[in-house]
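Working notes, beginning with the structure itself.
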Amino acid sequence: MRKGLSYLACGVAAGVVLVGVSDGVLSAAASSANDKLALFSEVFNKVRDNYAEKPDDEKMIKSAIDGMLTSLDPHSNYFDPKALQEFQTSMKGEEFGGLGLEVMMENGLVKVVSPIDDTPAARAGLMTGDLVTRIDDTAVKGLTLKEAVDKMRGPAKSPVKLTVERGSARDLKEFTIVREIIHVQSVRAHVEKGDIGYVRVTQFNQEAYDGVRKAFDHFRTDPGTAKLKGYILDLRNNPGGLLNQAVEITNAFVDSGDIVSTRGRNPDQGQRYSARPGVNLSQDKPLVVLINGGSASASEIVSGALQDLKRATLIGTRSFGKGSVQTILPLGENGALKLTTARYYTPSGRSIQAHGIDPDIRVVENIPDDLKGKVSSLGEASLVGHLKAAGEEEEKGSDAYVPPDHDKDTQLAAAVAFLHGAKAETLRSPDPGATVTSK
Amino acid sequence: MIRKAGYLGLGVVLGAAAAATAPQALMFVSPAAYAAAADTYRQLNLFGDVFDKIRNDYVEKPDESKLIDAAINGMLSSLDPHSSYMDAKQFRDMQVQTKGEFGGLGIEVTQEDGLIKVVTPIDDTPAAKAGVLSGDIITAIDDQSTQGLTLDQAVEKMRGSINSAVKLKVVRGPKKEAKDFTIVRDLIHVQSVRSKVEDNDIGYIRITQFTEQTEDGLKAAMDKLHSEIPADKFKGYILDLRNNPGGLLDQSIDVVNSFIDRGEIVSTRGRTPDETQRFDAKSGGDLSGGKPLVVLINGGSASASEIVSGALQDHKRATLIGTRSFGKGSVQTIMPLGENGALRLTTARYYTPSGRSIQAKGIEPDIKVLEDVPDDLKGKDDMKGEASLKGHLANGKEDTSASQAYVPPDEKNDKQLTAAIDLLHGVKPAEPAVKADAAPVKTDPPAAPAASAAPSTPGQTAPAKPN
């Protein structure tokens, strides 16, 4: 969860503006920096020459870089080439050779959460609840979820054999399925109660805006513009992603005005992003944005802008509070650096860093007893070494629970009721700080 | 505690000569090594590249010193738990600790409810001469209130250069009588050796850590014990190394040499010839007159303590009583870095005279005796040992279980001490001690299939060994 919350990248951009990159160690501009680097080199060389065992140079440098970045803030880190590739894949909107199963780990076995529509797994007849016990004749018991997933993935057109147990009778079934390129959707949409366009964005990857645009296309025919009462944009537990996607999606709801501005130490990190006219897809129908303690970064840019521009009513609980921007700085064959380069500010000029965005109508979910205390996000202000909030007091996180059962989703129900005309006061959850006095 | 168990330095020896400071110096290595050097250069270059990017692009102006400190610490923590970087202040503190002397007043202080309280003034120091008493509460140092200071900060303020003056304000007794002292600092020696006569005929010596004062302290203690106990009555020595986290290697060698006259004490093996050395006893070093010796160890006995107990056990010179030791079998060298402090780097492993490494294993006592731990401390005083430290140097089959590290404050309840006294008095241990014959524990069991033999009665026939 925390790992996922970290990035909000500007894309692979900078790197070229830096001086002295090629000469590395000895070219740092200031002499104090030179002295510091000389100290580092001295220690490195002493370790190489004198350590009790032959040290691993690469591991030492990686640990040094990790140590240095951890001292900055929780969102700056180093990607070695493999980690960079994984990061880039996840930003592209995951695309890989596989079966099309969403799975989770349960009692050491891999359980099918759901086969994704129109994938080899769905066509082969795998069902929600199936327990995968063997993959290509390797027992799943003892594998981690990641190891099991890696075994199911592979090049398109290659076959994989799955053994699954189904139902209470534990019927054994075997499937041989041919892998295809699987596309993970970051946007899901449906029509709610016949007259509301519901759009959920799970993360801001490179395909998020396209997904939102397609959803609007869909709403124009079903239920049809005339019938449409409004939209719900669900950003709960959305950890963020690419800045440009957040800007584009905000622009899908507004015609003009600032969306967000970023400020860093360098002028090139200071930028203002404004809405372009003519790309508003929402026909100014009412909009509710759902947020919770798991809504971070790009999610907070979107909800903060729509709140400041008075375009949306925010329902849910306070957002995470990550008000910084990371840039991916390539390091040639050595991977890349994800570095915090700027803070961002909503149109009204507020920074949400370590503070979060408070919803207009606070509505809490009913958390089942066994999950109580486990589903709260502690928020940015609780992360060790976080950038301090600018001036304002810091706020901790809030609940980050969304009931899997649609019918029990209090926040969603409040959004629907609001768009159907209910008054805000009737929807609001009691203030946890308020004391009820009786005579 | 574990941090304290960290160093066992060869003193300030290596340093400047050992390592090239700038990467281009690597150009001069032999052609065969050039490829490796180029790769190293590439790694350093990557680091420089990241450092530059942070300096130029981070959201706030970064503190370059802090960045480099964090990088060095990150790098060293990837090696093992005993390699670390000391900035200039930490290096000074460590030197004070290993030297065992500093400019100060001569009081032991503790912090109680936020107040700085005198535990005891040390005999024959400026504080004792000025009349500072146990129990005095220090409320101000040089007119600055001690309120809100940590114990370290208060100690730092009281220390200073010799012949400089310091003003103390103290509150004394139930009447809270205020008193002012102006005291001139002097060179204070921290006692690392304490001794006393036990039962009129046993010389008890406790070493709290191996500092530069240890060798002299031990000699003085042994002289004193000889003057207090008539030679014909002298039954033997107890050397108490419990909860002694270690210290200087040369001092541990001197301590062993004070009990034996010949033979190997310890050898170290590293990657460089410098680090591979063998240390032998010097003839004439033995001050013990061959009297019986018991060494007390527990889970808090580490490093230099393990060199001493391992050597004395291998030479069959001492009987070890207590619980298994910590298991730190590595040597750190302090490498000064000019004004930037120093590097404490693991440079070698050490081996006892029989060739065993105690790394992540510890030393088993010859007679295992457990203390009765009060209920409220149970489990808290156990020491998990080297094998449980993250990233420790590996050593085959390791022992990860915890070992007791509790010493009762009241000597009367100290079962390990009582067992030592009994043994020197010739009394068999009352409780079924684990092993009654004091033969050293061999790490390699005999190849002969002796395992099926009936359990031998303590002291009776053990499986035959070639003589």
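Just so we're on the same page: first chain in the structure tokens is A, next is B, and so on; residues restart at 1 for each chain, and ligands are numbered from 1 in the order they show up.
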| task | Check every residue of chain A for an atom within 6 Å of chain B, counting only C-alpha atoms, and provide those that qualify as JSON, numbers by chain. | result | {"A": [21, 24, 25, 42, 46, 50, 51, 52, 60, 63, 64, 65, 67, 68, 264, 265, 340, 341, 342]}
| query | When DSSP works through the backbone of this structure, what residues of region 237-421 of chain B end up as alpha helix (DSSP H), shown as a ChimeraX atom specification? | reply | /B:249-257,304-314,415-421
Suppose we keep C-alpha atoms; can you now write the selection as a compact mmCIF listing (two decimals), in the first residue's frame?
```txt
# COMPACT_ATOMS: atom_id res chain seq x y z
CA LEU B 249 42.18 -6.37 21.21
CA ASP B 250 45.68 -5.67 22.63
CA GLN B 251 44.21 -5.29 26.10
CA SER B 252 42.44 -8.64 25.89
CA ILE B 253 45.75 -10.25 24.88
CA ASP B 254 47.48 -8.68 27.89
CA VAL B 255 44.77 -9.96 30.19
CA VAL B 256 45.19 -13.53 28.91
CA ASN B 257 48.97 -13.20 29.23
CA ALA B 304 37.35 -9.14 23.64
CA SER B 305 35.69 -10.97 26.56
CA GLU B 306 35.28 -13.99 24.30
CA ILE B 307 38.92 -13.85 23.20
CA VAL B 308 39.95 -13.99 26.86
CA SER B 309 37.58 -16.73 27.91
CA GLY B 310 38.13 -18.74 24.71
CA ALA B 311 41.92 -18.68 25.09
CA LEU B 312 41.85 -19.56 28.78
CA GLN B 313 39.40 -22.38 28.06
CA ASP B 314 41.45 -23.81 25.16
CA LYS B 415 24.49 -18.12 41.92
CA GLN B 416 27.23 -17.95 39.31
CA LEU B 417 29.58 -16.22 41.73
CA THR B 418 28.67 -18.69 44.48
CA ALA B 419 29.37 -21.60 42.13
CA ALA B 420 32.78 -20.08 41.32
CA ILE B 421 33.66 -19.70 44.99
```
| remark: What separates CA of Gly278 (chain A) and CA of Arg213 (chain A) is a distance of 13.5 Å
| message | DSSP on the backbone: which residues in region 23-241 of chain A end up as strand (DSSP E or B)? Give the answer as a ChimeraX atom specification. | response | /A:77-79,95-98,101-106,109-115,131-135,138-139,159-166,171-178,180-183,187-192,196-201,204,230-234,241
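Comparing the minimum interatomic distances between Phe234 (chain B) and each of B:Leu293, B:Ile116, B:Ala221, B:Asp261, counting only C-alpha atoms, we find that B:Leu293 sits nearest.
Interatomic distance, CA of Thr225 (chain A) against CA of Val201 (chain A): 21.4 Å.
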Interface rows for region 59-122 of chain B against region 164-183 of chain B: nearest pair, Å to one decimal, 12 Å, only C-alpha atoms, as a tab-separated table:
```
residue	atom	partner	partner_atom	distance
B:Gly103	CA	B:Ser164	CA	9.0
B:Gly104	CA	B:Ser164	CA	9.1
B:Leu105	CA	B:Ile183	CA	7.3
B:Gly106	CA	B:Ile183	CA	10.4
B:Ile107	CA	B:Ile183	CA	11.7
B:Leu115	CA	B:Val171	CA	10.6
B:Ile116	CA	B:Val170	CA	9.5
B:Lys117	CA	B:Val170	CA	9.2
B:Val118	CA	B:Val170	CA	9.6
```
Selected residues, C-alpha atoms, written as a compact mmCIF listing (two decimals), in the first residue's frame, please.
```
# COMPACT_ATOMS: atom_id res chain seq x y z
CA GLY B 103 39.07 15.87 31.43
CA GLY B 104 36.30 16.10 33.99
CA LEU B 105 35.19 16.24 37.59
CA GLY B 106 35.08 12.61 38.66
CA ILE B 107 31.45 11.95 39.40
CA LEU B 115 17.07 15.43 37.29
CA ILE B 116 20.81 14.83 37.16
CA LYS B 117 21.74 12.90 40.29
CA VAL B 118 25.19 12.06 41.65
```
| message | One number please: CA of Arg263 (chain A) to CA of Arg343 (chain A), in Å, one decimal. | response | 5.5 Å
Pick out the residues sitting within 12 Å of Lys235 (chain B), and hand them over as a CSV table (one decimal) with N, CA and C atoms, in the first residue's frame; count only C-alpha atoms, and ignore anything fewer than 6 positions along from it in its own chain.
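Listed below is the output, around32.csv:
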```csv
chain,number,residue,atom,x,y,z
B,197,VAL,N,38.6,-9.0,47.8
B,197,VAL,CA,38.9,-10.3,48.3
B,197,VAL,C,37.5,-11.0,48.7
B,198,GLU,N,37.4,-12.2,48.2
B,198,GLU,CA,36.1,-12.9,48.4
B,198,GLU,C,36.4,-14.1,49.4
B,199,ASP,N,35.7,-14.1,50.5
B,199,ASP,CA,35.8,-15.2,51.5
B,199,ASP,C,37.3,-15.4,52.0
B,200,ASN,N,38.0,-14.3,52.1
B,200,ASN,CA,39.3,-14.2,52.7
B,200,ASN,C,40.4,-14.9,51.9
B,201,ASP,N,40.0,-15.7,50.9
B,201,ASP,CA,41.1,-16.5,50.2
B,201,ASP,C,40.9,-16.5,48.7
B,202,ILE,N,40.0,-15.7,48.1
B,202,ILE,CA,39.9,-15.7,46.7
B,202,ILE,C,40.0,-14.3,46.2
B,203,GLY,N,40.7,-14.2,45.1
B,203,GLY,CA,40.9,-12.9,44.5
B,203,GLY,C,39.8,-12.7,43.4
B,204,TYR,N,38.9,-11.8,43.6
B,204,TYR,CA,37.8,-11.5,42.6
B,204,TYR,C,38.2,-10.3,41.8
B,225,LEU,N,45.6,-7.8,45.5
B,225,LEU,CA,45.1,-9.0,46.0
B,225,LEU,C,46.2,-9.9,46.7
B,226,HIS,N,47.4,-9.8,46.1
B,226,HIS,CA,48.5,-10.6,46.6
B,226,HIS,C,49.0,-10.0,48.0
B,229,ILE,N,46.0,-11.2,50.5
B,229,ILE,CA,45.8,-12.6,50.8
B,229,ILE,C,47.1,-13.3,50.9
B,288,SER,N,49.9,-14.8,37.8
B,288,SER,CA,48.9,-15.4,38.6
B,288,SER,C,49.5,-16.5,39.5
B,289,GLY,N,50.8,-16.8,39.3
B,289,GLY,CA,51.4,-17.8,40.2
B,289,GLY,C,50.7,-19.2,40.0
B,290,GLY,N,50.1,-19.4,38.8
B,290,GLY,CA,49.5,-20.7,38.6
B,290,GLY,C,48.3,-21.1,39.4
B,291,LYS,N,47.8,-20.1,40.2
B,291,LYS,CA,46.6,-20.4,41.0
B,291,LYS,C,45.4,-20.7,40.2
B,292,PRO,N,44.5,-21.5,40.7
B,292,PRO,CA,43.3,-21.9,39.9
B,292,PRO,C,42.5,-20.6,39.5
B,293,LEU,N,41.8,-20.8,38.4
B,293,LEU,CA,41.1,-19.6,37.8
B,293,LEU,C,39.7,-20.0,37.4
B,294,VAL,N,38.7,-19.2,37.8
B,294,VAL,CA,37.4,-19.4,37.2
B,294,VAL,C,37.0,-18.1,36.5
B,420,ALA,N,31.3,-20.3,41.5
B,420,ALA,CA,32.8,-20.1,41.3
B,420,ALA,C,33.5,-20.2,42.6
B,421,ILE,N,33.0,-19.6,43.7
B,421,ILE,CA,33.7,-19.7,45.0
B,421,ILE,C,33.7,-21.2,45.5
B,422,ASP,N,32.6,-21.8,45.3
B,422,ASP,CA,32.5,-23.2,45.7
B,422,ASP,C,33.5,-24.1,45.0
B,423,LEU,N,33.6,-23.9,43.7
B,423,LEU,CA,34.6,-24.7,42.9
B,423,LEU,C,36.0,-24.4,43.4
B,424,LEU,N,36.3,-23.2,43.7
B,424,LEU,CA,37.7,-22.9,44.1
B,424,LEU,C,37.9,-23.4,45.5
B,425,HIS,N,36.8,-23.6,46.3
B,425,HIS,CA,37.0,-24.2,47.6
B,425,HIS,C,36.9,-25.7,47.6
B,426,GLY,N,36.7,-26.2,46.4
B,426,GLY,CA,36.7,-27.7,46.2
B,426,GLY,C,35.3,-28.3,46.5
```
| A:Ala139, A:Leu419, A:Val254, A:Ala296: which is nearest Arg276 (chain A), counting only C-alpha atoms? |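 Of all the options, A:Val254 lies closest to Arg276 (chain A).
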